[in-house]
>>> print(open('structure.txt').read())   # compact mmCIF, C-alpha atoms
# COMPACT_ATOMS: atom_id res chain seq x y z
CA MET X 1 -28.53 40.95 2.73
CA GLU X 2 -26.49 39.20 0.06
CA ARG X 3 -26.20 35.42 -0.18
CA MET X 4 -23.69 33.42 -2.18
CA PRO X 5 -23.89 29.61 -2.27
CA VAL X 6 -20.71 27.59 -1.85
CA ASN X 7 -20.95 24.14 -3.43
CA PRO X 8 -17.67 22.43 -4.31
CA TRP X 9 -19.88 19.46 -5.33
CA ASP X 10 -23.40 19.50 -6.72
CA TRP X 11 -24.86 16.38 -5.05
CA SER X 12 -26.45 18.34 -2.17
CA LEU X 13 -28.33 20.56 -4.62
CA LYS X 14 -30.26 17.50 -5.75
CA LEU X 15 -31.34 17.08 -2.12
CA GLY X 16 -32.37 20.73 -1.81
CA TYR X 17 -29.56 22.36 0.13
CA ASN X 18 -26.27 24.19 -0.33
CA GLN X 19 -23.09 22.96 1.34
CA ALA X 20 -22.53 26.49 2.66
CA GLU X 21 -23.54 30.09 2.06
CA ILE X 22 -21.69 33.33 2.43
CA ILE X 23 -24.02 35.86 4.08
CA GLU X 24 -23.03 39.50 3.72
CA ASN X 25 -24.67 42.57 5.19
CA PRO X 26 -27.49 41.11 7.27
CA SER X 27 -29.29 43.70 9.40
CA ARG X 28 -31.26 41.30 11.63
CA GLN X 29 -30.78 37.72 12.72
CA LEU X 30 -33.40 35.39 14.21
CA ILE X 31 -32.57 32.19 16.07
CA VAL X 32 -35.60 29.87 16.05
CA ALA X 33 -35.99 27.13 18.65
CA GLY X 34 -36.88 23.67 17.43
CA GLN X 35 -40.40 23.56 16.01
CA THR X 36 -42.44 20.39 16.24
CA ALA X 37 -45.94 19.10 15.59
CA VAL X 38 -47.70 20.80 18.49
CA ASP X 39 -50.83 22.93 18.51
CA ALA X 40 -51.12 26.49 19.85
CA HIS X 41 -51.31 25.10 23.40
CA GLY X 42 -48.20 22.92 23.05
CA ALA X 43 -50.14 19.65 22.75
CA PRO X 44 -48.53 17.07 20.42
CA GLN X 45 -50.46 16.29 17.24
CA HIS X 46 -50.48 13.48 14.64
CA GLU X 47 -49.01 10.69 16.78
CA GLY X 48 -47.22 8.12 14.62
CA ASP X 49 -47.65 10.15 11.39
CA MET X 50 -44.28 11.50 10.22
CA ARG X 51 -45.69 13.28 7.17
CA SER X 52 -48.35 15.18 9.11
CA GLN X 53 -45.82 16.04 11.81
CA ILE X 54 -43.44 17.50 9.23
CA VAL X 55 -46.27 19.61 7.77
CA LEU X 56 -47.23 21.00 11.18
CA ALA X 57 -43.61 21.60 12.22
CA LEU X 58 -43.09 23.60 9.01
CA ASP X 59 -46.35 25.49 9.62
CA ASN X 60 -45.13 26.35 13.13
CA LEU X 61 -41.74 27.43 11.78
CA GLU X 62 -43.45 29.73 9.30
CA ALA X 63 -45.62 31.18 12.09
CA VAL X 64 -42.53 32.04 14.16
CA LEU X 65 -40.86 33.59 11.12
CA ALA X 66 -43.99 35.64 10.36
CA GLY X 67 -43.91 36.93 13.94
CA ALA X 68 -40.52 38.44 13.10
CA ASN X 69 -41.70 39.72 9.68
CA MET X 70 -39.69 37.02 7.91
CA ASP X 71 -40.48 33.94 5.85
CA LEU X 72 -38.75 30.78 4.64
CA SER X 73 -36.66 32.80 2.20
CA ASN X 74 -34.88 34.38 5.18
CA ILE X 75 -33.62 31.07 6.57
CA ILE X 76 -29.85 30.73 6.32
CA LYS X 77 -29.36 27.46 8.28
CA LEU X 78 -31.51 24.47 9.29
CA GLY X 79 -31.09 21.74 11.87
CA VAL X 80 -33.46 18.81 11.48
CA TYR X 81 -33.95 16.00 14.00
CA ALA X 82 -35.92 12.83 13.32
CA THR X 83 -36.56 9.69 15.29
CA ASN X 84 -36.61 7.76 12.01
CA VAL X 85 -34.31 9.25 9.37
CA ASP X 86 -35.50 6.94 6.59
CA GLU X 87 -39.13 7.88 7.21
CA ALA X 88 -38.24 11.58 7.36
CA LEU X 89 -36.35 11.35 4.06
CA LYS X 90 -39.33 9.65 2.41
CA ASN X 91 -41.28 12.81 3.23
CA PHE X 92 -38.62 15.41 2.41
CA ASP X 93 -40.60 16.35 -0.68
CA LEU X 94 -42.49 18.56 1.81
CA MET X 95 -39.28 20.45 2.53
CA GLY X 96 -38.62 20.78 -1.19
CA MET X 97 -42.11 22.13 -1.86
CA ARG X 98 -41.87 24.78 0.87
CA PHE X 99 -38.30 25.90 0.29
CA GLY X 100 -38.46 25.49 -3.49
CA ALA X 101 -41.42 27.86 -3.60
CA VAL X 102 -39.20 30.62 -2.17
CA GLN X 103 -36.09 29.46 -4.07
CA ASN X 104 -34.09 28.88 -0.91
CA ALA X 105 -31.69 25.98 -0.30
CA PRO X 106 -30.15 26.79 3.10
CA PRO X 107 -27.35 24.64 4.50
CA MET X 108 -28.93 21.85 6.55
CA THR X 109 -28.02 19.04 8.90
CA LEU X 110 -30.33 16.06 9.45
CA LEU X 111 -29.70 13.98 12.58
CA GLY X 112 -31.32 10.79 13.74
CA VAL X 113 -32.19 10.84 17.43
CA THR X 114 -33.59 8.20 19.76
CA ARG X 115 -36.39 10.52 20.90
CA LEU X 116 -37.41 14.15 21.11
CA ALA X 117 -38.49 16.11 24.21
CA ILE X 118 -42.03 14.73 23.98
CA PRO X 119 -41.94 10.97 23.20
CA SER X 120 -44.77 11.05 20.60
CA LEU X 121 -42.95 13.64 18.47
CA LEU X 122 -41.05 12.29 15.48
CA PHE X 123 -39.64 15.43 13.79
CA GLU X 124 -38.15 18.76 14.89
CA ILE X 125 -36.71 21.61 12.85
CA GLU X 126 -34.68 24.56 14.12
CA ALA X 127 -33.54 27.50 12.04
CA THR X 128 -31.40 30.57 11.82
CA ALA X 129 -32.84 33.38 9.70
CA ALA X 130 -31.51 36.76 8.67
CA SER X 131 -32.60 39.79 6.71
>>> encode(input="structure.txt", output="structure tokens")
Amino acid sequence: MERMPVNPWDWSLKLGYNQAEIIENPSRQLIVAGQTAVDAHGAPQHEGDMRSQIVLALDNLEAVLAGANMDLSNIIKLGVYATNVDEALKNFDLMGMRFGAVQNAPPMTLLGVTRLAIPSLLFEIEATAAS
């Protein structure tokens, strides 16, 4: 798979994502449902703690990717949902640490929502990956 970033402006790079990417010759694609801060039994964790919820949501995303023999470097698009955008952005260094480690800046959308499927959840991340 070949990836080419498209950035007519550089401001998004400072936030850790490309405006777009051209993806050529992928052989597999994985669509990942929204991952949240739940344990292996689906029970919500870290009520009221945005930072810990982001960590666990990213851990769960990585577990799903591993199940498909992929990792964060394979992600080509992210959708992020937060019940408090300002609080999520305060903790986006976590995203930078994870994606920076694999030198990946996939296009991303962050949306503020009034609530997620389970009321105590604050953060959800969905992804498209390819190899």
>>> residues_around(input="structure.txt", residues="segment 21-27 of chain X", least_positions_apart="3", cutoff="8 Å", atoms="all atoms listed in the file", output="PyMOL selection string")
chain X and resi 1-6+18+76+106-107+130-131
>>> closest_residue(input="structure.txt", among="X:Thr109, X:Asn7, X:Thr114, X:Ser12", to="Lys77 of chain X", atoms="all atoms listed in the file")
X:Thr109
>>> residues_around(input="structure.txt", residues="segment 56-70 of chain X", least_positions_apart="5", cutoff="7 Å", atoms="all atoms listed in the file", output="number ranges by chain")
X: 35-37, 124-125
>>> closest_residue(input="structure.txt", among="X:Gln103, X:Lys14, X:Gly42, X:Leu72", to="Ile118 of chain X", atoms="all atoms listed in the file")
X:Gly42
>>> atom_distance(input="structure.txt", atom1="atom CA of Thr83 of chain X", atom2="atom CA of Val38 of chain X")
16.1 Å
>>> residues_around(input="structure.txt", residues="Phe99 of chain X", least_positions_apart="2", cutoff="12 Å", atoms="all atoms listed in the file", output="PyMOL selection string")
chain X and resi 15-17+58+62+71-76+78+92-97+101-108
>>> atom_distance(input="structure.txt", atom1="atom CA of Glu87 of chain X", atom2="atom CA of Leu121 of chain X")
13.2 Å
>>> atom_distance(input="structure.txt", atom1="atom CA of Asp86 of chain X", atom2="atom CA of Phe123 of chain X")
11.9 Å
>>> closest_residue(input="structure.txt", among="X:Ala117, X:Ala82, X:Leu111, X:Val32", to="Arg51 of chain X", atoms="all atoms listed in the file")
X:Ala82
>>> closest_residue(input="structure.txt", among="X:Pro8, X:Ala33, X:Glu126, X:Leu110", to="Ala20 of chain X", atoms="all atoms listed in the file")
X:Pro8
